[in-house]
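S.K.: This is the structure, below, for whatever I ask next.
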Amino acid sequence: MSPAWDEARAQDILRRHSGRKGALLPILHDIQAEFGCVPAPAIPVIAHTLNLTRAEVHGVVSFYHDFREKPAGRHVLKLCRAEACQSMNGEAFAQQVLERFDLDWGGTTPDGRLTIEPIYCLGLCASSPSAMLDGQPMARLDQDSLDEIAREVG
């Protein structure tokens with residue numbers, strides 16, 4: 001479970017990056033590492049500290065797929081959506097996964113055990129379709145792989 005928002009802990013992160021050029025991305029990464037996401041209350045604090053608008057900070061958070069506005073599940077499954085994986089039945093596999101867990105892209109199961117996210121190329125094109133479960137690459141995915149993923153995430 002991710003810790004609740006704590007502005008004092010966020011300020012510690014901001015202080016660590018004080019005076020650093022291009023600090024926004026490192027700050028966002030550290031905030032997400034600390035809180036499991038970049039929570040809404042962090043946006044104005046970061047914006048004020050870096051003399052940016054809230055819209056600028058929010059724009060960066062929403063642009064990059066790795067930043068979340070809500071904590072992810074205990075397990076994160078990233079399914080490749082790039083062309084090589086699509087050409088090897090990746091889209092059909094992705095639909096099977098989404099249906100199996102009754103989720104949409106970016107969704108988390110009600111019990112918080114799994115979040116499914118798109119990713120655009122894992123560099124495993126020769127082993128398509130591919131995915132990454134909790135940071136571990138998976139290749140040549142098929143129905144057996146889906147069953148394995150379901151067992152892994154419990």
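Labels for the structure tokens follow display order: chains A, B, ..., residues from 1 in each chain, ligands from 1.
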Can you pull out every residue from region 10-153 of chain A that DSSP, working from the backbone, puts in alpha helix (DSSP H), and format the result as a ChimeraX atom specification?

M.R.: /A:10-16,24-35,42-50,54-63,83-87,90-101,143-153

S.K.: For Glu83 (chain A), work out the shell of residues within 12 Å, counting only C-alpha atoms and skipping chain neighbours fewer than 2 positions away, then give it as a list of chain:residue names.

M.R.: A:Cys80, A:Arg81, A:Cys85, A:Gln86, A:Ser87, A:Met88, A:Asn89, A:Gly90, A:Glu91, A:Ile119, A:Tyr120, A:Cys121, A:Leu122, A:Gly123, A:Leu124, A:Cys125, A:Ala126, A:Ser128, A:Pro129, A:Ser130

S.K.: Mind dumping the selected residues with N, CA and C atoms as a PDB file, in the first residue's frame?

M.R.:
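Result went into again-v6.pdb, see below:
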ATOM      1  N   CYS A  80       2.626  -4.663 -24.518  1.00  0.00           N
ATOM      2  CA  CYS A  80       3.160  -3.926 -25.656  1.00  0.00           C
ATOM      3  C   CYS A  80       2.068  -3.685 -26.697  1.00  0.00           C
ATOM      4  N   ARG A  81       1.987  -2.455 -27.174  1.00  0.00           N
ATOM      5  CA  ARG A  81       1.008  -2.056 -28.182  1.00  0.00           C
ATOM      6  C   ARG A  81       1.678  -1.648 -29.489  1.00  0.00           C
ATOM      7  N   CYS A  85       4.384  -6.244 -32.131  1.00  0.00           N
ATOM      8  CA  CYS A  85       3.534  -7.086 -31.290  1.00  0.00           C
ATOM      9  C   CYS A  85       2.125  -7.187 -31.869  1.00  0.00           C
ATOM     10  N   GLN A  86       1.633  -6.084 -32.428  1.00  0.00           N
ATOM     11  CA  GLN A  86       0.315  -6.130 -33.055  1.00  0.00           C
ATOM     12  C   GLN A  86       0.301  -7.120 -34.220  1.00  0.00           C
ATOM     13  N   SER A  87       1.394  -7.160 -34.979  1.00  0.00           N
ATOM     14  CA  SER A  87       1.445  -8.055 -36.143  1.00  0.00           C
ATOM     15  C   SER A  87       1.512  -9.522 -35.743  1.00  0.00           C
ATOM     16  N   MET A  88       1.833  -9.788 -34.489  1.00  0.00           N
ATOM     17  CA  MET A  88       1.930 -11.166 -34.004  1.00  0.00           C
ATOM     18  C   MET A  88       0.798 -11.488 -33.023  1.00  0.00           C
ATOM     19  N   ASN A  89      -0.366 -10.930 -33.267  1.00  0.00           N
ATOM     20  CA  ASN A  89      -1.568 -11.190 -32.471  1.00  0.00           C
ATOM     21  C   ASN A  89      -1.575 -10.503 -31.110  1.00  0.00           C
ATOM     22  N   GLY A  90      -0.755  -9.502 -30.935  1.00  0.00           N
ATOM     23  CA  GLY A  90      -0.694  -8.794 -29.668  1.00  0.00           C
ATOM     24  C   GLY A  90      -1.988  -8.115 -29.285  1.00  0.00           C
ATOM     25  N   GLU A  91      -2.687  -7.584 -30.283  1.00  0.00           N
ATOM     26  CA  GLU A  91      -3.952  -6.897 -29.979  1.00  0.00           C
ATOM     27  C   GLU A  91      -4.991  -7.885 -29.464  1.00  0.00           C
ATOM     28  N   ILE A 119       2.146  -0.138 -23.135  1.00  0.00           N
ATOM     29  CA  ILE A 119       3.522   0.324 -23.284  1.00  0.00           C
ATOM     30  C   ILE A 119       3.834   0.237 -24.773  1.00  0.00           C
ATOM     31  N   TYR A 120       4.659   1.110 -25.249  1.00  0.00           N
ATOM     32  CA  TYR A 120       4.919   1.176 -26.683  1.00  0.00           C
ATOM     33  C   TYR A 120       6.361   0.786 -26.966  1.00  0.00           C
ATOM     34  N   CYS A 121       6.565  -0.498 -27.061  1.00  0.00           N
ATOM     35  CA  CYS A 121       7.788  -1.202 -27.436  1.00  0.00           C
ATOM     36  C   CYS A 121       8.682  -1.483 -26.241  1.00  0.00           C
ATOM     37  N   LEU A 122       8.876  -2.760 -26.021  1.00  0.00           N
ATOM     38  CA  LEU A 122       9.767  -3.253 -24.981  1.00  0.00           C
ATOM     39  C   LEU A 122      11.101  -3.707 -25.563  1.00  0.00           C
ATOM     40  N   GLY A 123      11.238  -3.601 -26.893  1.00  0.00           N
ATOM     41  CA  GLY A 123      12.462  -4.047 -27.536  1.00  0.00           C
ATOM     42  C   GLY A 123      12.532  -5.554 -27.700  1.00  0.00           C
ATOM     43  N   LEU A 124      11.402  -6.216 -27.585  1.00  0.00           N
ATOM     44  CA  LEU A 124      11.340  -7.666 -27.736  1.00  0.00           C
ATOM     45  C   LEU A 124      10.609  -8.046 -29.022  1.00  0.00           C
ATOM     46  N   CYS A 125      10.800  -7.248 -30.036  1.00  0.00           N
ATOM     47  CA  CYS A 125      10.041  -7.392 -31.279  1.00  0.00           C
ATOM     48  C   CYS A 125      10.174  -8.776 -31.904  1.00  0.00           C
ATOM     49  N   ALA A 126      11.344  -9.391 -31.803  1.00  0.00           N
ATOM     50  CA  ALA A 126      11.550 -10.720 -32.388  1.00  0.00           C
ATOM     51  C   ALA A 126      10.841 -11.804 -31.588  1.00  0.00           C
ATOM     52  N   SER A 128       7.602 -11.358 -30.188  1.00  0.00           N
ATOM     53  CA  SER A 128       6.263 -10.794 -30.015  1.00  0.00           C
ATOM     54  C   SER A 128       5.221 -11.898 -29.892  1.00  0.00           C
ATOM     55  N   PRO A 129       4.093 -11.580 -29.264  1.00  0.00           N
ATOM     56  CA  PRO A 129       3.809 -10.382 -28.474  1.00  0.00           C
ATOM     57  C   PRO A 129       4.495 -10.456 -27.120  1.00  0.00           C
ATOM     58  N   SER A 130       4.737  -9.279 -26.556  1.00  0.00           N
ATOM     59  CA  SER A 130       5.478  -9.210 -25.306  1.00  0.00           C
ATOM     60  C   SER A 130       4.782  -8.324 -24.278  1.00  0.00           C
TER      61      SER A 130
END

S.K.: To one decimal place, how far is CA of Asp134 (chain A) from CA of Leu98 (chain A) in Å?

M.R.: 16.9 Å

S.K.: For Leu103 (chain A), which residue out of A:Ser62, A:Ala139, A:Thr115, A:Gln11 is the nearest one, using only C-alpha atoms?

M.R.: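 Using only C-alpha atoms, Leu103 (chain A) sits closest to A:Thr115.
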
S.K.: Identify, with DSSP run on backbone atoms, the residues in region 17-153 of chain A assigned to strand (DSSP E or B), and express the list as a list of chain:residue names.

M.R.: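 For region 17-153 of chain A, the strand (DSSP E or B) set is A:His75, A:Val76, A:Leu77, A:Lys78, A:Leu79, A:Cys80, A:Thr108, A:Leu114, A:Thr115, A:Ile116, A:Glu117, A:Pro118, A:Ile119, A:Ala131, A:Met132, A:Leu133, A:Gln136, A:Pro137, A:Met138.
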
S.K.: Output C-alpha atoms for every residue in that selection, as a JSON list (two decimals), in the first residue's frame.

M.R.:
[["chain", "number", "residue", "atom", "x", "y", "z"],
["A", 75, "HIS", "CA", 1.20, -5.97, -9.66],
["A", 76, "VAL", "CA", 1.60, -3.95, -12.86],
["A", 77, "LEU", "CA", 1.24, -5.63, -16.24],
["A", 78, "LYS", "CA", 2.43, -3.55, -19.19],
["A", 79, "LEU", "CA", 1.28, -4.94, -22.53],
["A", 80, "CYS", "CA", 3.16, -3.93, -25.66],
["A", 108, "THR", "CA", -6.87, -1.58, -11.56],
["A", 114, "LEU", "CA", -3.41, -5.73, -10.72],
["A", 115, "THR", "CA", -3.09, -2.67, -12.95],
["A", 116, "ILE", "CA", -2.90, -3.11, -16.72],
["A", 117, "GLU", "CA", -1.15, -0.44, -18.77],
["A", 118, "PRO", "CA", -0.13, -0.03, -22.40],
["A", 119, "ILE", "CA", 3.52, 0.32, -23.28],
["A", 131, "ALA", "CA", 4.71, -7.67, -21.94],
["A", 132, "MET", "CA", 6.32, -6.77, -18.67],
["A", 133, "LEU", "CA", 4.97, -7.97, -15.33],
["A", 136, "GLN", "CA", 10.12, -8.57, -15.68],
["A", 137, "PRO", "CA", 9.86, -9.01, -19.47],
["A", 138, "MET", "CA", 7.67, -11.74, -20.91]]

S.K.: List the neighbours of region 33-38 of chain A out to 7 Å using only C-alpha atoms; skip same-chain residues closer than 6 positions along the sequence, and give me the result as a compact mmCIF listing (two decimals) with N, CA and C atoms, in the first residue's frame.

M.R.:
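Result file selection-v7.txt:
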# COMPACT_ATOMS: atom_id res chain seq x y z
N SER A 2 0.54 2.20 -0.80
CA SER A 2 1.31 3.43 -0.90
C SER A 2 0.99 4.34 0.28
N PRO A 3 2.01 5.06 0.77
CA PRO A 3 1.75 5.98 1.88
C PRO A 3 0.85 7.13 1.46
N ALA A 4 0.10 7.63 2.42
CA ALA A 4 -0.78 8.78 2.16
C ALA A 4 0.06 10.02 1.89
N TRP A 5 -0.55 10.96 1.19
CA TRP A 5 0.11 12.23 0.88
C TRP A 5 0.57 12.90 2.16
N PHE A 67 4.00 8.03 -15.35
CA PHE A 67 3.48 8.74 -14.18
C PHE A 67 2.01 8.40 -14.00
N ARG A 68 1.62 8.23 -12.75
CA ARG A 68 0.24 7.89 -12.41
C ARG A 68 -0.34 8.97 -11.50
N GLU A 69 -1.62 9.18 -11.63
CA GLU A 69 -2.30 10.11 -10.73
C GLU A 69 -2.95 9.38 -9.56
N LYS A 70 -3.05 8.04 -9.68
CA LYS A 70 -3.56 7.18 -8.61
C LYS A 70 -2.58 6.03 -8.45
N PRO A 71 -2.44 5.48 -7.26
CA PRO A 71 -1.52 4.36 -7.09
C PRO A 71 -1.91 3.16 -7.95
N ALA A 72 -0.91 2.43 -8.42
CA ALA A 72 -1.14 1.22 -9.20
C ALA A 72 -1.47 0.07 -8.25
